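Novice: Sending over work-v6.txt (compact mmCIF, C-alpha atoms and all ligand atoms).
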```
# COMPACT_ATOMS: atom_id res chain seq x y z
CA MET A 19 57.70 -37.63 39.32
CA ALA A 20 58.68 -34.70 37.11
CA VAL A 21 56.94 -34.40 33.79
CA ARG A 22 58.94 -33.26 30.81
CA THR A 23 57.49 -31.92 27.57
CA ILE A 24 58.96 -33.30 24.37
CA ASP A 25 58.46 -31.34 21.16
CA VAL A 26 57.59 -33.69 18.33
CA ARG A 27 55.94 -31.77 15.46
CA GLU A 28 55.81 -34.83 13.27
CA ARG A 29 53.27 -35.35 10.49
CA VAL A 30 51.52 -38.64 11.01
CA MET A 31 51.59 -39.45 7.29
CA ALA A 32 55.30 -38.69 7.07
CA ARG A 33 56.46 -42.28 7.26
CA ASN A 34 53.97 -43.46 4.66
CA ASP A 35 54.93 -40.60 2.35
CA GLU A 36 58.64 -41.41 2.73
CA LEU A 37 58.03 -45.06 1.93
CA ALA A 38 55.85 -44.11 -1.02
CA ALA A 39 58.63 -41.87 -2.35
CA VAL A 40 61.05 -44.81 -2.16
CA VAL A 41 58.56 -47.05 -3.98
CA ARG A 42 58.06 -44.38 -6.63
CA GLN A 43 61.80 -44.00 -7.19
CA ARG A 44 62.31 -47.75 -7.32
CA LEU A 45 59.59 -48.13 -9.93
CA ARG A 46 60.86 -45.20 -11.94
CA ASP A 47 64.38 -46.68 -11.98
CA ALA A 48 62.90 -49.95 -13.18
CA GLY A 49 60.75 -48.15 -15.79
CA VAL A 50 57.58 -49.65 -14.36
CA PRO A 51 54.55 -47.36 -14.07
CA ALA A 52 52.18 -48.35 -11.26
CA PHE A 53 48.47 -47.68 -11.16
CA ASN A 54 46.50 -47.69 -7.92
CA LEU A 55 42.98 -49.00 -8.62
CA VAL A 56 40.43 -47.67 -6.18
CA SER A 57 36.66 -47.98 -5.92
CA SER A 58 33.82 -48.85 -3.62
CA PRO A 59 33.47 -52.60 -2.96
CA GLY A 60 32.31 -54.50 -6.01
CA SER A 61 32.70 -51.89 -8.77
CA GLY A 62 34.69 -54.36 -10.82
CA LYS A 63 38.38 -53.75 -10.09
CA THR A 64 39.23 -57.44 -10.07
CA SER A 65 37.00 -58.17 -13.08
CA LEU A 66 38.72 -55.42 -15.05
CA LEU A 67 42.10 -56.82 -14.07
CA GLU A 68 41.06 -60.36 -15.00
CA ARG A 69 40.25 -59.17 -18.50
CA THR A 70 43.35 -57.03 -18.69
CA LEU A 71 45.65 -59.85 -17.59
CA GLU A 72 44.13 -62.23 -20.11
CA THR A 73 44.62 -59.81 -22.96
CA LEU A 74 47.78 -57.92 -22.04
CA GLY A 75 49.32 -59.82 -19.13
CA GLU A 76 52.12 -61.36 -21.16
CA GLU A 77 52.46 -58.63 -23.76
CA LEU A 78 52.98 -55.89 -21.18
CA GLY A 79 54.50 -57.99 -18.40
CA ILE A 80 51.84 -56.97 -15.91
CA ALA A 81 52.35 -57.61 -12.21
CA VAL A 82 49.58 -57.19 -9.67
CA VAL A 83 49.46 -56.45 -5.97
CA THR A 84 45.97 -56.91 -4.64
CA GLY A 85 44.75 -55.90 -1.22
CA ASP A 86 41.82 -57.35 0.64
CA VAL A 87 40.60 -56.91 4.17
CA GLN A 88 40.14 -60.55 4.94
CA THR A 89 40.58 -63.01 2.07
CA GLN A 90 42.89 -63.86 -0.81
CA ASN A 91 39.93 -64.33 -3.16
CA ASP A 92 40.94 -61.59 -5.58
CA ALA A 93 44.55 -62.78 -5.75
CA ASP A 94 43.32 -66.32 -6.43
CA ARG A 95 40.96 -65.08 -9.16
CA LEU A 96 43.73 -63.11 -10.83
CA ALA A 97 46.31 -65.88 -10.52
CA ARG A 98 44.08 -67.99 -12.77
CA ARG A 99 44.50 -65.44 -15.57
CA THR A 100 48.27 -65.12 -15.56
CA GLU A 101 51.42 -67.14 -15.12
CA ARG A 102 52.97 -64.13 -13.48
CA LEU A 103 53.10 -63.48 -9.80
CA VAL A 104 50.05 -61.98 -8.14
CA GLN A 105 50.92 -60.67 -4.70
CA ALA A 106 48.14 -60.79 -2.12
CA VAL A 107 48.11 -58.38 0.80
CA VAL A 108 45.60 -59.12 3.53
CA THR A 109 45.16 -55.96 5.54
CA GLY A 110 43.58 -57.71 8.50
CA GLY A 111 40.84 -55.16 8.99
CA ALA A 112 42.48 -52.02 7.65
CA CYS A 113 40.40 -50.13 5.10
CA HIS A 114 43.27 -49.29 2.73
CA LEU A 115 46.71 -50.37 1.57
CA ASP A 116 49.74 -48.44 2.76
CA ALA A 117 53.16 -47.87 1.27
CA ALA A 118 54.83 -50.29 3.69
CA GLN A 119 52.68 -53.13 2.36
CA VAL A 120 53.49 -52.21 -1.22
CA THR A 121 57.19 -52.05 -0.35
CA ALA A 122 57.04 -55.59 1.00
CA ALA A 123 55.04 -56.81 -1.99
CA LEU A 124 57.57 -55.29 -4.42
CA ASP A 125 60.33 -57.39 -2.88
CA ALA A 126 58.57 -60.47 -4.24
CA ILE A 127 58.12 -59.08 -7.77
CA ASP A 128 60.77 -59.39 -10.46
CA LEU A 129 60.75 -55.80 -11.69
CA GLU A 130 63.15 -56.64 -14.53
CA GLN A 131 60.43 -58.80 -16.06
CA THR A 132 57.68 -56.26 -15.37
CA ARG A 133 56.56 -53.30 -17.47
CA LEU A 134 53.35 -52.35 -15.72
CA LEU A 135 52.16 -52.74 -12.15
CA PHE A 136 48.61 -52.66 -10.90
CA VAL A 137 47.78 -52.26 -7.24
CA GLU A 138 44.18 -53.20 -6.49
CA ASN A 139 43.31 -51.32 -3.33
CA VAL A 140 40.76 -52.33 -0.71
CA GLY A 141 37.22 -51.56 -1.89
CA ASN A 142 36.52 -48.24 -0.19
CA LEU A 143 35.92 -44.77 -1.62
CA VAL A 144 37.20 -42.89 1.42
CA CYS A 145 40.35 -44.16 3.09
CA PRO A 146 42.59 -45.17 0.15
CA ALA A 147 42.47 -41.55 -1.03
CA SER A 148 44.74 -40.56 1.85
CA TRP A 149 47.49 -43.15 1.33
CA ASP A 150 50.09 -42.56 -1.34
CA LEU A 151 51.43 -45.92 -2.51
CA GLY A 152 54.08 -44.59 -4.89
CA GLU A 153 51.79 -44.92 -7.90
CA VAL A 154 51.98 -42.93 -11.11
CA ALA A 155 48.24 -42.32 -10.86
CA LYS A 156 45.13 -43.45 -9.10
CA ILE A 157 42.40 -44.90 -11.29
CA VAL A 158 38.95 -44.75 -9.76
CA VAL A 159 36.43 -47.34 -10.91
CA LEU A 160 32.77 -46.36 -10.65
CA SER A 161 30.08 -48.79 -11.68
CA VAL A 162 26.79 -47.62 -13.11
CA THR A 163 24.81 -49.31 -10.33
CA GLU A 164 26.23 -46.94 -7.73
CA GLY A 165 24.46 -43.74 -8.74
CA GLU A 166 25.65 -40.63 -10.58
CA ASP A 167 26.36 -38.61 -7.49
CA LYS A 168 29.27 -40.62 -6.07
CA PRO A 169 31.87 -38.10 -7.26
CA LEU A 170 30.08 -35.42 -5.23
CA LYS A 171 29.76 -37.65 -2.18
CA TYR A 172 33.37 -38.82 -2.28
CA PRO A 173 35.11 -35.80 -3.79
CA LYS A 174 38.56 -36.50 -2.37
CA MET A 175 38.84 -39.80 -4.20
CA PHE A 176 37.75 -38.30 -7.50
CA ARG A 177 40.08 -35.35 -6.98
CA MET A 178 43.05 -37.60 -6.23
CA ALA A 179 42.44 -39.79 -9.29
CA ARG A 180 43.74 -38.98 -12.76
CA TYR A 181 41.59 -41.57 -14.55
CA ALA A 182 38.08 -42.84 -14.04
CA VAL A 183 36.66 -46.10 -15.35
CA LEU A 184 32.88 -46.14 -15.61
CA ASN A 185 32.24 -49.86 -15.47
CA LYS A 186 29.28 -52.21 -15.95
CA ILE A 187 27.94 -50.21 -18.88
CA ASP A 188 26.33 -53.44 -20.12
CA LEU A 189 23.74 -52.85 -17.38
CA LEU A 190 22.76 -49.35 -18.58
CA PRO A 191 19.62 -50.53 -20.43
CA HIS A 192 18.26 -51.86 -17.13
CA LEU A 193 18.97 -48.74 -15.07
CA ASP A 194 18.10 -45.07 -15.01
CA PHE A 195 21.74 -44.17 -14.49
CA ASP A 196 22.56 -40.93 -16.35
CA LEU A 197 26.05 -41.35 -17.77
CA ASP A 198 26.47 -37.70 -18.82
CA GLN A 199 25.38 -36.53 -15.41
CA ALA A 200 27.91 -38.82 -13.71
CA VAL A 201 30.68 -37.49 -15.93
CA ALA A 202 29.58 -33.91 -15.28
CA PHE A 203 29.61 -34.47 -11.51
CA ALA A 204 33.06 -36.04 -11.69
CA ARG A 205 34.41 -33.17 -13.80
CA GLN A 206 32.93 -30.76 -11.30
CA VAL A 207 35.31 -32.07 -8.62
CA ASN A 208 38.15 -32.85 -11.05
CA PRO A 209 38.10 -31.21 -14.49
CA GLU A 210 41.25 -33.14 -15.52
CA LEU A 211 39.76 -36.62 -15.15
CA ARG A 212 40.10 -38.86 -18.19
CA PHE A 213 37.30 -41.39 -18.62
CA PHE A 214 37.00 -44.92 -19.87
CA PHE A 215 33.59 -46.53 -20.35
CA THR A 216 33.78 -50.27 -19.96
CA SER A 217 32.04 -53.50 -19.34
CA ALA A 218 34.27 -56.10 -17.79
CA ARG A 219 31.43 -58.51 -18.49
CA THR A 220 31.05 -58.05 -22.27
CA GLY A 221 34.39 -56.43 -23.03
CA GLU A 222 32.76 -53.31 -24.43
CA GLY A 223 35.04 -50.29 -24.28
CA LEU A 224 38.10 -52.28 -23.30
CA ASP A 225 39.95 -51.60 -26.57
CA GLU A 226 40.51 -48.00 -25.61
CA TRP A 227 41.59 -49.08 -22.11
CA TYR A 228 44.12 -51.48 -23.64
CA ARG A 229 45.41 -48.78 -26.00
CA PHE A 230 45.97 -46.55 -23.01
CA LEU A 231 47.84 -49.24 -21.08
CA ARG A 232 50.03 -50.11 -24.08
CA ALA A 233 50.99 -46.46 -24.40
CA GLU A 234 51.74 -46.20 -20.68
CA ALA A 235 53.93 -49.30 -20.68
CA ARG A 236 55.78 -48.07 -23.75
CA ALA A 237 56.63 -44.58 -22.61
CA PRO A 238 58.26 -44.64 -19.19
CA ALA A 239 60.52 -41.80 -20.28
CA LEU A 240 57.59 -39.40 -20.34
CA ARG A 241 56.89 -39.73 -16.66
CA MET B 61 37.25 -45.28 8.74
CA HIS B 62 41.02 -45.07 8.72
CA GLU B 63 41.08 -43.29 12.08
CA LEU B 64 42.35 -46.45 13.76
CA SER B 65 45.41 -46.78 11.51
CA LEU B 66 46.18 -43.11 12.02
CA ALA B 67 45.85 -43.52 15.78
CA LEU B 68 48.22 -46.50 15.60
CA GLU B 69 50.76 -44.38 13.74
CA VAL B 70 50.39 -41.63 16.36
CA CYS B 71 51.18 -44.22 19.04
CA ARG B 72 54.24 -45.39 17.11
CA ILE B 73 55.51 -41.81 16.82
CA ALA B 74 54.81 -41.20 20.50
CA GLU B 75 56.68 -44.32 21.56
CA LEU B 76 59.68 -43.41 19.40
CA ASN B 77 59.83 -39.86 20.70
CA ALA B 78 59.37 -40.83 24.33
CA ALA B 79 62.49 -43.03 24.20
CA PRO B 80 64.56 -43.67 26.21
CA ARG B 81 61.57 -43.43 28.55
CA PRO B 82 59.16 -46.35 28.08
CA ALA B 83 55.72 -45.75 26.58
CA ARG B 84 54.08 -46.35 29.95
CA ASP B 85 55.67 -43.10 31.20
CA VAL B 86 53.89 -41.03 28.55
CA ARG B 87 51.27 -38.86 30.24
CA THR B 88 49.97 -36.81 27.32
CA VAL B 89 50.00 -37.18 23.55
CA ALA B 90 49.10 -33.90 21.87
CA VAL B 91 47.87 -34.06 18.29
CA GLU B 92 46.87 -31.36 15.82
CA VAL B 93 44.09 -32.47 13.52
CA GLY B 94 43.62 -30.51 10.32
CA GLU B 95 40.01 -29.67 9.59
CA ASP B 96 40.53 -30.88 6.01
CA ALA B 97 42.61 -33.93 6.91
CA GLY B 98 39.67 -36.20 6.23
CA ILE B 99 39.51 -37.33 9.85
CA GLU B 100 36.41 -37.71 11.95
CA LEU B 101 37.61 -36.10 15.18
CA GLU B 102 35.46 -37.97 17.70
CA ASN B 103 36.11 -41.32 16.05
CA PHE B 104 39.83 -40.57 16.04
CA ARG B 105 39.70 -39.55 19.72
CA PHE B 106 37.94 -42.80 20.57
CA CYS B 107 40.58 -44.88 18.78
CA LEU B 108 43.53 -42.98 20.23
CA GLU B 109 42.21 -43.06 23.79
CA ALA B 110 41.56 -46.78 23.50
CA LEU B 111 45.12 -47.40 22.32
CA LEU B 112 46.69 -45.13 24.93
CA SER B 113 44.81 -46.86 27.73
CA GLY B 114 46.55 -50.20 27.09
CA ALA B 115 50.06 -51.61 26.75
CA PRO B 116 52.66 -50.45 25.95
CA PHE B 117 51.02 -47.24 27.17
CA ALA B 118 49.44 -46.88 30.58
CA GLY B 119 46.60 -44.42 30.37
CA ALA B 120 48.19 -41.47 28.58
CA ARG B 121 45.82 -38.61 27.81
CA ALA B 122 44.99 -37.65 24.24
CA GLU B 123 45.01 -33.89 23.74
CA LEU B 124 43.44 -33.09 20.39
CA VAL B 125 43.37 -29.68 18.79
CA SER B 126 41.46 -28.99 15.62
CA LEU B 127 43.26 -26.58 13.27
CA PRO B 128 42.76 -25.32 9.73
CA GLY B 129 44.65 -27.32 7.12
CA THR B 130 45.08 -30.86 5.89
CA ASP B 131 47.84 -32.17 8.18
CA LEU B 132 47.62 -34.55 11.07
CA ARG B 133 50.56 -33.92 13.34
CA VAL B 134 51.84 -35.11 16.70
CA SER B 135 52.77 -31.79 18.29
CA TYR B 136 54.24 -32.74 21.68
CA LEU B 137 54.36 -35.34 24.44
CA GLU B 138 54.41 -35.06 28.20
CA VAL B 139 56.53 -37.80 29.70
CA ASP B 140 57.54 -38.73 33.22
CA ASP B 141 61.25 -38.25 33.21
CA GLY B 142 61.84 -40.81 35.96
CA ARG B 143 63.31 -38.33 38.40
CA PRO B 144 61.63 -37.49 41.70
CA ASP B 145 59.79 -34.14 41.82
CA ASP B 146 62.05 -31.17 42.47
N1 LIG A 301 27.21 -56.82 -15.36
C1 LIG A 301 28.46 -56.58 -15.00
N2 LIG A 301 28.94 -57.09 -13.87
C2 LIG A 301 30.21 -56.84 -13.53
C3 LIG A 301 31.07 -56.05 -14.34
N3 LIG A 301 32.26 -55.96 -13.72
C4 LIG A 301 32.18 -56.68 -12.59
N4 LIG A 301 30.94 -57.23 -12.48
C5 LIG A 301 30.45 -58.07 -11.37
O1 LIG A 301 30.46 -57.30 -10.19
C6 LIG A 301 30.81 -58.10 -9.07
C7 LIG A 301 31.99 -57.51 -8.34
O2 LIG A 301 33.11 -57.47 -9.21
P1 LIG A 301 34.61 -57.49 -8.67
O3 LIG A 301 35.48 -57.47 -9.89
O4 LIG A 301 34.80 -58.57 -7.68
O5 LIG A 301 34.66 -56.09 -7.96
P2 LIG A 301 35.86 -55.48 -7.08
O6 LIG A 301 35.84 -54.00 -7.30
O7 LIG A 301 37.13 -56.17 -7.37
O8 LIG A 301 35.36 -55.82 -5.60
P3 LIG A 301 36.19 -55.69 -4.23
O9 LIG A 301 37.59 -56.11 -4.51
O10 LIG A 301 35.48 -56.61 -3.30
O11 LIG A 301 36.08 -54.27 -3.82
C8 LIG A 301 31.09 -59.48 -9.63
O12 LIG A 301 29.94 -60.27 -9.47
C9 LIG A 301 31.37 -59.22 -11.09
O13 LIG A 301 31.05 -60.32 -11.91
C10 LIG A 301 30.54 -55.50 -15.53
O14 LIG A 301 31.18 -54.78 -16.30
N5 LIG A 301 29.22 -55.80 -15.81
MG MG A 302 38.46 -57.02 -6.03
```
Go ahead and render the structure in this file as structure tokens.

Specialist:
Amino acid sequence: MAVRTIDVRERVMARNDELAAVVRQRLRDAGVPAFNLVSSPGSGKTSLLERTLETLGEELGIAVVTGDVQTQNDADRLARRTERLVQAVVTGGACHLDAAQVTAALDAIDLEQTRLLFVENVGNLVCPASWDLGEVAKIVVLSVTEGEDKPLKYPKMFRMARYAVLNKIDLLPHLDFDLDQAVAFARQVNPELRFFFTSARTGEGLDEWYRFLRAEARAPALR
Amino acid sequence: MHELSLALEVCRIAELNAAPRPARDVRTVAVEVGEDAGIELENFRFCLEALLSGAPFAGARAELVSLPGTDLRVSYLEVDDGRPDD
């Protein structure tokens, strides 16, 4: 049979980027900033959100979409801290969330009653960096048990993020983790990064985090 | 690690662009892989070949070219057009 060549020239991320642009517009119209929380597994994304929902969930009308490879554990944990809807996305093996999943999750969320949206991505410092979800900014969580050099080892994630949360600082007395070094490494790959230093265990440092979120939820016009 | 999802998306694009010919008539899927696209080339090749060897495809070949840049792009397909050889 005759073989025909078909020109395609299509970017593989094009569909995700289009969907992400629609999500972004939809959230902007609704005045809801969205933050995409990324980190390696276990840095404390869910713990930080548990605290945040308890303190600000009602005040700021926070909605959460949380992605997991295999379970709904995180969604169940978060649902205990808020009356509001927590949308679980089980990726079934995929190492990241994509914009199609966020689009579907948004359909279940009452954006009129929402002023701030968190997307907890799958724990992974590589893949989620490549998928735009329509967020205002990525927030990378790094816990002090992971070593100072993670920003150098996973530069794309730290470059793509606008904020970094250095979590588990309650453990610092037990470790030889060098906080200044970690910050210096992160600034080396992304000089613009803004830091928060927190313990989701003791609550240390969360006041500044809450101040930041209040300001973000208040000022959608600035975005 | 996300090579498999990217390979799946390549297959979706290939199937769409092959239409109205069915995916089983696709002979070659040519892909440009940016050197800074964050993709492990051999892992990606493995995933794509595995997907192209099974339904709805029927053993299409993956033709991968590494290029400077950050894009991953399906460049062209070769498809049986269903007509006998001229
Ligand atoms: N000591 C201490 N432990 C923490 C802190 N934050 C989280 N943890 C613990 O770290 C473990 C993992 O926390 P999670 O909140 O589940 O982390 P995660 O980033 O959501 O994990 P994945 O969703 O699986 O990627 C749990 O045992 C938490 O109790 C902290 O600030 N200090
Ligand atoms: Mg979690």

Novice: Specify as a list in words all residues of chain B found within 6 Å of chain A, counting all atoms listed in the file.

Specialist: His62, Leu132, Arg133, Val134, Ser135, Tyr136, Leu137, Glu138, Val139, Asp140, Asp141, Arg143, Pro144 and Asp145 of chain B

Novice: Using all atoms listed in the file, what are the residues with an atom within 8 Å of ligand LIG 301 (chain A), set out as a ChimeraX atom specification?

Specialist: /A:56-67,85-86,92,138-142,159,161,185-189,216-221

Novice: Within 12 Å of (43.5, -37.3, -2.1), only C-alpha atoms: residues as a list in words?

Specialist: Val56, Leu143, Val144, Cys145, Pro146, Ala147, Ser148, Trp149, Asp150, Leu151, Ala155, Lys156, Ile157, Val158, Tyr172, Pro173, Lys174, Met175, Phe176, Arg177, Met178, Ala179, Arg180, Val207 and Asn208 of chain A; Asp96, Ala97, Gly98 and Thr130 of chain B

Novice: For those residues, write C-alpha atoms to a file as a PDB file, in the frame of the given file.

Specialist:
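Printed below is result_27.pdb as written:
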```pdb
ATOM      1  CA  VAL A  56      40.430 -47.670  -6.180  1.00  0.00           C
ATOM      2  CA  LEU A 143      35.920 -44.770  -1.620  1.00  0.00           C
ATOM      3  CA  VAL A 144      37.200 -42.890   1.420  1.00  0.00           C
ATOM      4  CA  CYS A 145      40.350 -44.160   3.090  1.00  0.00           C
ATOM      5  CA  PRO A 146      42.590 -45.170   0.150  1.00  0.00           C
ATOM      6  CA  ALA A 147      42.470 -41.550  -1.030  1.00  0.00           C
ATOM      7  CA  SER A 148      44.740 -40.560   1.850  1.00  0.00           C
ATOM      8  CA  TRP A 149      47.490 -43.150   1.330  1.00  0.00           C
ATOM      9  CA  ASP A 150      50.090 -42.560  -1.340  1.00  0.00           C
ATOM     10  CA  LEU A 151      51.430 -45.920  -2.510  1.00  0.00           C
ATOM     11  CA  ALA A 155      48.240 -42.320 -10.860  1.00  0.00           C
ATOM     12  CA  LYS A 156      45.130 -43.450  -9.100  1.00  0.00           C
ATOM     13  CA  ILE A 157      42.400 -44.900 -11.290  1.00  0.00           C
ATOM     14  CA  VAL A 158      38.950 -44.750  -9.760  1.00  0.00           C
ATOM     15  CA  TYR A 172      33.370 -38.820  -2.280  1.00  0.00           C
ATOM     16  CA  PRO A 173      35.110 -35.800  -3.790  1.00  0.00           C
ATOM     17  CA  LYS A 174      38.560 -36.500  -2.370  1.00  0.00           C
ATOM     18  CA  MET A 175      38.840 -39.800  -4.200  1.00  0.00           C
ATOM     19  CA  PHE A 176      37.750 -38.300  -7.500  1.00  0.00           C
ATOM     20  CA  ARG A 177      40.080 -35.350  -6.980  1.00  0.00           C
ATOM     21  CA  MET A 178      43.050 -37.600  -6.230  1.00  0.00           C
ATOM     22  CA  ALA A 179      42.440 -39.790  -9.290  1.00  0.00           C
ATOM     23  CA  ARG A 180      43.740 -38.980 -12.760  1.00  0.00           C
ATOM     24  CA  VAL A 207      35.310 -32.070  -8.620  1.00  0.00           C
ATOM     25  CA  ASN A 208      38.150 -32.850 -11.050  1.00  0.00           C
TER      26      ASN A 208
ATOM     27  CA  ASP B  96      40.530 -30.880   6.010  1.00  0.00           C
ATOM     28  CA  ALA B  97      42.610 -33.930   6.910  1.00  0.00           C
ATOM     29  CA  GLY B  98      39.670 -36.200   6.230  1.00  0.00           C
ATOM     30  CA  THR B 130      45.080 -30.860   5.890  1.00  0.00           C
TER      31      THR B 130
END
```

Novice: Which neighbours of B:Leu112 fall inside 8 Å, counting only C-alpha atoms, when residues of the same chain fewer than 6 positions from it are skipped, and could you give them as a list in words?

Specialist: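 Here the answer would be Cys71, Ala118, Gly119, Ala120, Arg121 and Ala122 of chain B.
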
Novice: Kindly give the distance, in Å, that separates atom CA of A:Ala182 and atom CA of A:Arg42, rounded to a single decimal.

Specialist: 21.4 Å

Novice: Between atom CA of A:Arg46 and atom CA of A:Arg229, what is the distance, to one decimal in Å?

Specialist: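 Computing the Euclidean distance for atom CA of A:Arg46 and atom CA of A:Arg229 yields 21.2 Å.
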
Novice: Skip A:Glu226 itself and residues of its chain fewer than 4 positions away, then list as a list in words all residues within 12 Å of it, counting all atoms listed in the file.

Specialist: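 Residues meeting the cut-off are Thr70, Val183, Arg212, Phe213, Phe214, Phe215, Thr216, Ser217, Gly221, Glu222, Phe230, Leu231, Arg232 and Ala233 of chain A.
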
Novice: Looking at A:Ala235, A:Leu74, A:Val82, A:Leu193, which one is nearest to A:Leu124, with distances taken over all atoms listed in the file?

Specialist: A:Val82
